[in-house]
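Visitor: Okay, so here is coords27.pdb, and as you'll see once you scroll down, it has PDB, C-alpha atoms.
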```pdb
ATOM      1  CA  MET A   7      -2.303   0.920 117.165  1.00  0.00           C
ATOM      2  CA  ASN A   8      -5.472   2.877 117.897  1.00  0.00           C
ATOM      3  CA  GLN A   9      -8.442   3.169 115.529  1.00  0.00           C
ATOM      4  CA  ASP A  10      -7.305   6.468 114.029  1.00  0.00           C
ATOM      5  CA  GLN A  11      -3.845   5.052 113.300  1.00  0.00           C
ATOM      6  CA  PHE A  12      -5.488   2.008 111.732  1.00  0.00           C
ATOM      7  CA  GLY A  13      -7.735   4.294 109.671  1.00  0.00           C
ATOM      8  CA  ARG A  14      -4.777   6.316 108.401  1.00  0.00           C
ATOM      9  CA  ASP A  15      -2.823   3.158 107.565  1.00  0.00           C
ATOM     10  CA  LEU A  16      -5.826   1.786 105.692  1.00  0.00           C
ATOM     11  CA  ALA A  17      -6.302   5.072 103.814  1.00  0.00           C
ATOM     12  CA  GLU A  18      -2.657   5.084 102.753  1.00  0.00           C
ATOM     13  CA  ARG A  19      -2.883   1.518 101.464  1.00  0.00           C
ATOM     14  CA  LEU A  20      -6.147   2.299  99.656  1.00  0.00           C
ATOM     15  CA  GLN A  21      -4.554   5.293  97.967  1.00  0.00           C
ATOM     16  CA  THR A  22      -1.625   3.086  96.908  1.00  0.00           C
ATOM     17  CA  ALA A  23      -4.040   0.544  95.416  1.00  0.00           C
ATOM     18  CA  GLU A  24      -6.032   3.255  93.611  1.00  0.00           C
ATOM     19  CA  ARG A  25      -2.855   4.701  92.145  1.00  0.00           C
ATOM     20  CA  ALA A  26      -1.698   1.250  91.017  1.00  0.00           C
ATOM     21  CA  VAL A  27      -4.980   0.624  89.203  1.00  0.00           C
ATOM     22  CA  ASP A  28      -4.841   4.051  87.543  1.00  0.00           C
ATOM     23  CA  LEU A  29      -1.272   3.376  86.439  1.00  0.00           C
ATOM     24  CA  ALA A  30      -2.394   0.001  85.045  1.00  0.00           C
ATOM     25  CA  VAL A  31      -5.059   1.756  82.965  1.00  0.00           C
ATOM     26  CA  ALA A  32      -2.463   4.211  81.668  1.00  0.00           C
ATOM     27  CA  ALA A  33       0.067   1.451  80.937  1.00  0.00           C
ATOM     28  CA  VAL A  34      -2.435  -0.610  78.922  1.00  0.00           C
ATOM     29  CA  CYS A  35      -3.537   2.462  76.967  1.00  0.00           C
ATOM     30  CA  ASP A  36       0.098   3.396  76.324  1.00  0.00           C
ATOM     31  CA  LEU A  37       0.855  -0.137  75.138  1.00  0.00           C
ATOM     32  CA  GLY A  38      -2.047  -0.099  72.692  1.00  0.00           C
ATOM     33  CA  ALA A  39      -1.078   3.340  71.414  1.00  0.00           C
ATOM     34  CA  VAL A  40       2.557   2.299  70.867  1.00  0.00           C
ATOM     35  CA  MET A  41       1.437  -0.834  69.032  1.00  0.00           C
ATOM     36  CA  VAL A  42      -0.745   1.153  66.620  1.00  0.00           C
ATOM     37  CA  ARG A  43       1.573   4.133  66.183  1.00  0.00           C
ATOM     38  CA  GLY A  44       4.581   1.873  65.696  1.00  0.00           C
ATOM     39  CA  ARG A  45       2.773  -0.123  63.034  1.00  0.00           C
ATOM     40  CA  ILE A  46       1.872   3.064  61.170  1.00  0.00           C
ATOM     41  CA  GLU A  47       5.314   4.663  61.521  1.00  0.00           C
ATOM     42  CA  HIS A  48       7.095   1.531  60.307  1.00  0.00           C
ATOM     43  CA  GLY A  49       4.695   0.744  57.468  1.00  0.00           C
ATOM     44  CA  ILE A  50       3.653  -2.598  58.940  1.00  0.00           C
ATOM     45  CA  SER A  51       0.404  -4.159  57.737  1.00  0.00           C
ATOM     46  CA  ALA A  52      -2.609  -3.772  60.025  1.00  0.00           C
ATOM     47  CA  VAL A  53      -2.938  -7.555  59.943  1.00  0.00           C
ATOM     48  CA  VAL A  54       0.297  -7.921  61.908  1.00  0.00           C
ATOM     49  CA  GLY A  55      -0.357  -7.855  65.630  1.00  0.00           C
ATOM     50  CA  GLN A  56      -4.136  -7.438  65.280  1.00  0.00           C
ATOM     51  CA  GLY A  57      -4.886 -10.389  67.582  1.00  0.00           C
ATOM     52  CA  ALA A  58      -2.424  -9.113  70.160  1.00  0.00           C
ATOM     53  CA  LEU A  59      -3.954  -5.632  69.988  1.00  0.00           C
ATOM     54  CA  VAL A  60      -7.417  -7.083  70.583  1.00  0.00           C
ATOM     55  CA  ASP A  61      -6.049  -9.034  73.569  1.00  0.00           C
ATOM     56  CA  VAL A  62      -4.374  -5.938  75.023  1.00  0.00           C
ATOM     57  CA  MET A  63      -7.469  -3.779  74.582  1.00  0.00           C
ATOM     58  CA  ALA A  64      -9.670  -6.509  76.110  1.00  0.00           C
ATOM     59  CA  VAL A  65      -7.901  -5.858  79.414  1.00  0.00           C
ATOM     60  CA  LEU A  66      -9.273  -2.304  79.705  1.00  0.00           C
ATOM     61  CA  PRO A  67     -12.865  -3.187  80.658  1.00  0.00           C
ATOM     62  CA  LEU A  68     -11.548  -5.556  83.313  1.00  0.00           C
ATOM     63  CA  ILE A  69      -9.357  -2.859  84.825  1.00  0.00           C
ATOM     64  CA  ALA A  70     -12.185  -0.320  84.577  1.00  0.00           C
ATOM     65  CA  ARG A  71     -14.497  -2.640  86.539  1.00  0.00           C
ATOM     66  CA  SER A  72     -11.760  -3.214  89.109  1.00  0.00           C
ATOM     67  CA  ARG A  73     -11.292   0.540  89.444  1.00  0.00           C
ATOM     68  CA  ASP A  74     -15.055   0.974  89.818  1.00  0.00           C
ATOM     69  CA  ARG A  75     -15.092  -1.529  92.690  1.00  0.00           C
ATOM     70  CA  LEU A  76     -12.122   0.103  94.380  1.00  0.00           C
ATOM     71  CA  VAL A  77     -13.790   3.531  94.188  1.00  0.00           C
ATOM     72  CA  ARG A  78     -16.961   2.054  95.700  1.00  0.00           C
ATOM     73  CA  ALA A  79     -14.905   0.493  98.489  1.00  0.00           C
ATOM     74  CA  HIS A  80     -13.291   3.881  99.119  1.00  0.00           C
ATOM     75  CA  HIS A  81     -16.684   5.531  99.551  1.00  0.00           C
ATOM     76  CA  ARG A  82     -17.936   2.756 101.807  1.00  0.00           C
ATOM     77  CA  LEU A  83     -14.839   2.948 103.984  1.00  0.00           C
ATOM     78  CA  ALA A  84     -15.163   6.738 104.196  1.00  0.00           C
ATOM     79  CA  ARG A  85     -18.803   6.382 105.249  1.00  0.00           C
ATOM     80  CA  ASP A  86     -17.908   3.770 107.872  1.00  0.00           C
ATOM     81  CA  ALA A  87     -15.045   5.910 109.171  1.00  0.00           C
ATOM     82  CA  ARG A  88     -17.405   8.879 109.582  1.00  0.00           C
ATOM     83  CA  THR A  89     -19.962   6.699 111.357  1.00  0.00           C
ATOM     84  CA  MET A  90     -17.346   5.332 113.748  1.00  0.00           C
ATOM     85  CA  ARG A  91     -15.596   8.717 114.093  1.00  0.00           C
ATOM     86  CA  ILE A  92     -12.319   7.271 112.838  1.00  0.00           C
ATOM     87  CA  ASP A  93      -9.894   9.810 111.425  1.00  0.00           C
ATOM     88  CA  TRP A  94      -8.504   8.149 108.346  1.00  0.00           C
ATOM     89  CA  THR A  95      -6.929  11.220 106.774  1.00  0.00           C
ATOM     90  CA  GLY A  96      -3.475  12.590 107.264  1.00  0.00           C
ATOM     91  CA  ARG A  97      -0.294  10.938 106.040  1.00  0.00           C
ATOM     92  CA  CYS A  98      -1.450  10.065 102.538  1.00  0.00           C
ATOM     93  CA  GLY A  99      -2.666  13.578 101.749  1.00  0.00           C
ATOM     94  CA  GLY A 100      -5.516  12.426  99.527  1.00  0.00           C
ATOM     95  CA  PRO A 101      -6.347  13.525  95.998  1.00  0.00           C
ATOM     96  CA  GLU A 102      -5.702  17.005  94.664  1.00  0.00           C
ATOM     97  CA  THR A 103      -9.376  17.510  93.865  1.00  0.00           C
ATOM     98  CA  LYS A 104     -12.385  15.659  95.170  1.00  0.00           C
ATOM     99  CA  PRO A 105     -16.105  15.874  94.480  1.00  0.00           C
ATOM    100  CA  PRO A 106     -18.107  17.680  97.176  1.00  0.00           C
ATOM    101  CA  ASP A 107     -20.319  14.644  97.912  1.00  0.00           C
ATOM    102  CA  ASP A 108     -18.420  11.745  99.427  1.00  0.00           C
ATOM    103  CA  GLY A 109     -21.465   9.473  99.406  1.00  0.00           C
ATOM    104  CA  GLU A 110     -21.869   6.017  97.931  1.00  0.00           C
ATOM    105  CA  VAL A 111     -21.032   5.647  94.258  1.00  0.00           C
ATOM    106  CA  PRO A 112     -23.342   3.262  92.400  1.00  0.00           C
ATOM    107  CA  LEU A 113     -21.894   0.579  90.154  1.00  0.00           C
ATOM    108  CA  LEU A 114     -21.770   1.455  86.490  1.00  0.00           C
ATOM    109  CA  PRO A 115     -24.925   0.290  84.755  1.00  0.00           C
ATOM    110  CA  GLN A 116     -24.393  -3.012  82.918  1.00  0.00           C
ATOM    111  CA  ARG A 117     -24.825  -1.216  79.594  1.00  0.00           C
ATOM    112  CA  LEU A 118     -21.956   1.177  80.400  1.00  0.00           C
ATOM    113  CA  ARG A 119     -19.729  -1.503  81.878  1.00  0.00           C
ATOM    114  CA  ARG A 120     -19.717  -3.345  78.545  1.00  0.00           C
ATOM    115  CA  VAL A 121     -18.529  -0.198  76.772  1.00  0.00           C
ATOM    116  CA  ALA A 122     -15.888   0.585  79.391  1.00  0.00           C
TER
END
```
How would this structure read if it were set down as structure tokens?
Guide:
Amino acid sequence: MNQDQFGRDLAERLQTAERAVDLAVAAVCDLGAVMVRGRIEHGISAVVGQGALVDVMAVLPLIARSRDRLVRAHHRLARDARTMRIDWTGRCGGPETKPPDDGEVPLLPQRLRRVA
């Protein structure tokens, strides 16, 4: 396996990981929404399941921070690939839209991470 093949394999696995994290965010949000909508639709007291809802929603900031780190890793790998002239595009196709600047993405400020 040459460096370009390695780069493409790495890019494909990174895209798979990014998609998995995005799907985890969506799944947790869907779960919370079903819990609340179901309670309302079935006339169940807000007290029922409140602790579980808090536990489910507490997962979101953790996933958001994980996603933030994965996005940063993506940008670092892209920078390193450019520096080393490794072609890491191709098979995976990449995102439908992408920002024009593929530079380093700073971590969310601590204040914003707590909200996320």
Visitor: Any idea what the distance is between CA of Val60 in chain A and CA of Ser72 in chain A?
Guide: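 So the two atoms, CA of Val60 in chain A and CA of Ser72 in chain A, lie 19.4 Å apart.
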Visitor: Go through A:His81, A:Leu76, A:Arg71, A:Ala87 and flag the residue nearest Arg25 in chain A, using only C-alpha atoms for the distances.
Guide: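 Among the listed residues, the smallest separation from Arg25 in chain A belongs to A:Leu76.
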Visitor: Could you check which of A:Met63, A:Glu18, A:Met90, A:Val53 is closest to Asp36 in chain A, using all atoms listed in the file?
Guide: A:Met63
Visitor: Pick the closest to Arg73 in chain A from A:Leu16, A:Ala52, A:Met41, A:Leu29: which is it, counting all atoms listed in the file?
Guide: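 Between A:Leu16, A:Ala52, A:Met41, A:Leu29, the residue approaching Arg73 in chain A most closely is A:Leu29.
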Visitor: Which one of A:Met7, A:Ala26, A:Val40, A:Val34 sits closest to Val65 in chain A if you count only C-alpha atoms?
Guide: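 Among the listed residues, A:Val34 lies closest to Val65 in chain A.
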Visitor: For Thr95 in chain A, which of A:Gly38, A:Gly55, A:Gly13, A:Gly49 is the closest residue, counting all atoms listed in the file?
Guide: A:Gly13
Visitor: I'd like the interatomic distance between CA of Ala79 in chain A and CA of Arg19 in chain A, to a tenth of an Å.
Guide: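 Interatomic distance, CA of Ala79 in chain A to CA of Arg19 in chain A: 12.4 Å.
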Visitor: Name the residues that the PyMOL selection byres ((chain A and resi 15) around 12) picks from the file above, as a list in words, using the file's chain letters and numbers.
Guide: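 Taken on the displayed file, the PyMOL selection byres ((chain A and resi 15) around 12) yields the residues Met7, Asn8, Gln9, Asp10, Gln11, Phe12, Gly13, Arg14, Leu16, Ala17, Glu18, Arg19, Leu20, Gln21, Thr22, Ile92, Asp93, Trp94, Thr95, Gly96, Arg97, Cys98 and Gly99 of chain A.
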Visitor: Just give me the gap between CA of Arg85 in chain A and CA of Asp28 in chain A in Å, one decimal is fine.
Guide: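 One can read the CA of Arg85 in chain A to CA of Asp28 in chain A distance as 22.7 Å.
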Visitor: So which one's closest to Asp74 in chain A, A:Arg88, A:Gln56, A:Ser51, A:Val27? Using all atoms listed in the file, please.
Guide: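 Among the listed residues, A:Val27 lies closest to Asp74 in chain A.
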Visitor: Go ahead and fit an axis-aligned box to every listed atom of range 19-25 of chain A plus 8 Å each side, and pass me the centre and edge lengths in Å, one decimal, as JSON.
Guide:
```
{"center_x": -3.9, "center_y": 2.9, "center_z": 96.8, "size_x": 20.5, "size_y": 20.7, "size_z": 25.3}
```
Visitor: List as a compact mmCIF listing (two decimals) with C-alpha atoms, keeping the file's coordinate frame the residues having at least one atom at most 8 Å from position (-7.0, -0.6, 80.6) as given in the file, counting only C-alpha atoms.
Guide:
```txt
# COMPACT_ATOMS: atom_id res chain seq x y z
CA ALA A 30 -2.39 0.00 85.04
CA VAL A 31 -5.06 1.76 82.96
CA ALA A 32 -2.46 4.21 81.67
CA ALA A 33 0.07 1.45 80.94
CA VAL A 34 -2.44 -0.61 78.92
CA CYS A 35 -3.54 2.46 76.97
CA MET A 63 -7.47 -3.78 74.58
CA ALA A 64 -9.67 -6.51 76.11
CA VAL A 65 -7.90 -5.86 79.41
CA LEU A 66 -9.27 -2.30 79.70
CA PRO A 67 -12.86 -3.19 80.66
CA LEU A 68 -11.55 -5.56 83.31
CA ILE A 69 -9.36 -2.86 84.82
CA ALA A 70 -12.18 -0.32 84.58
```
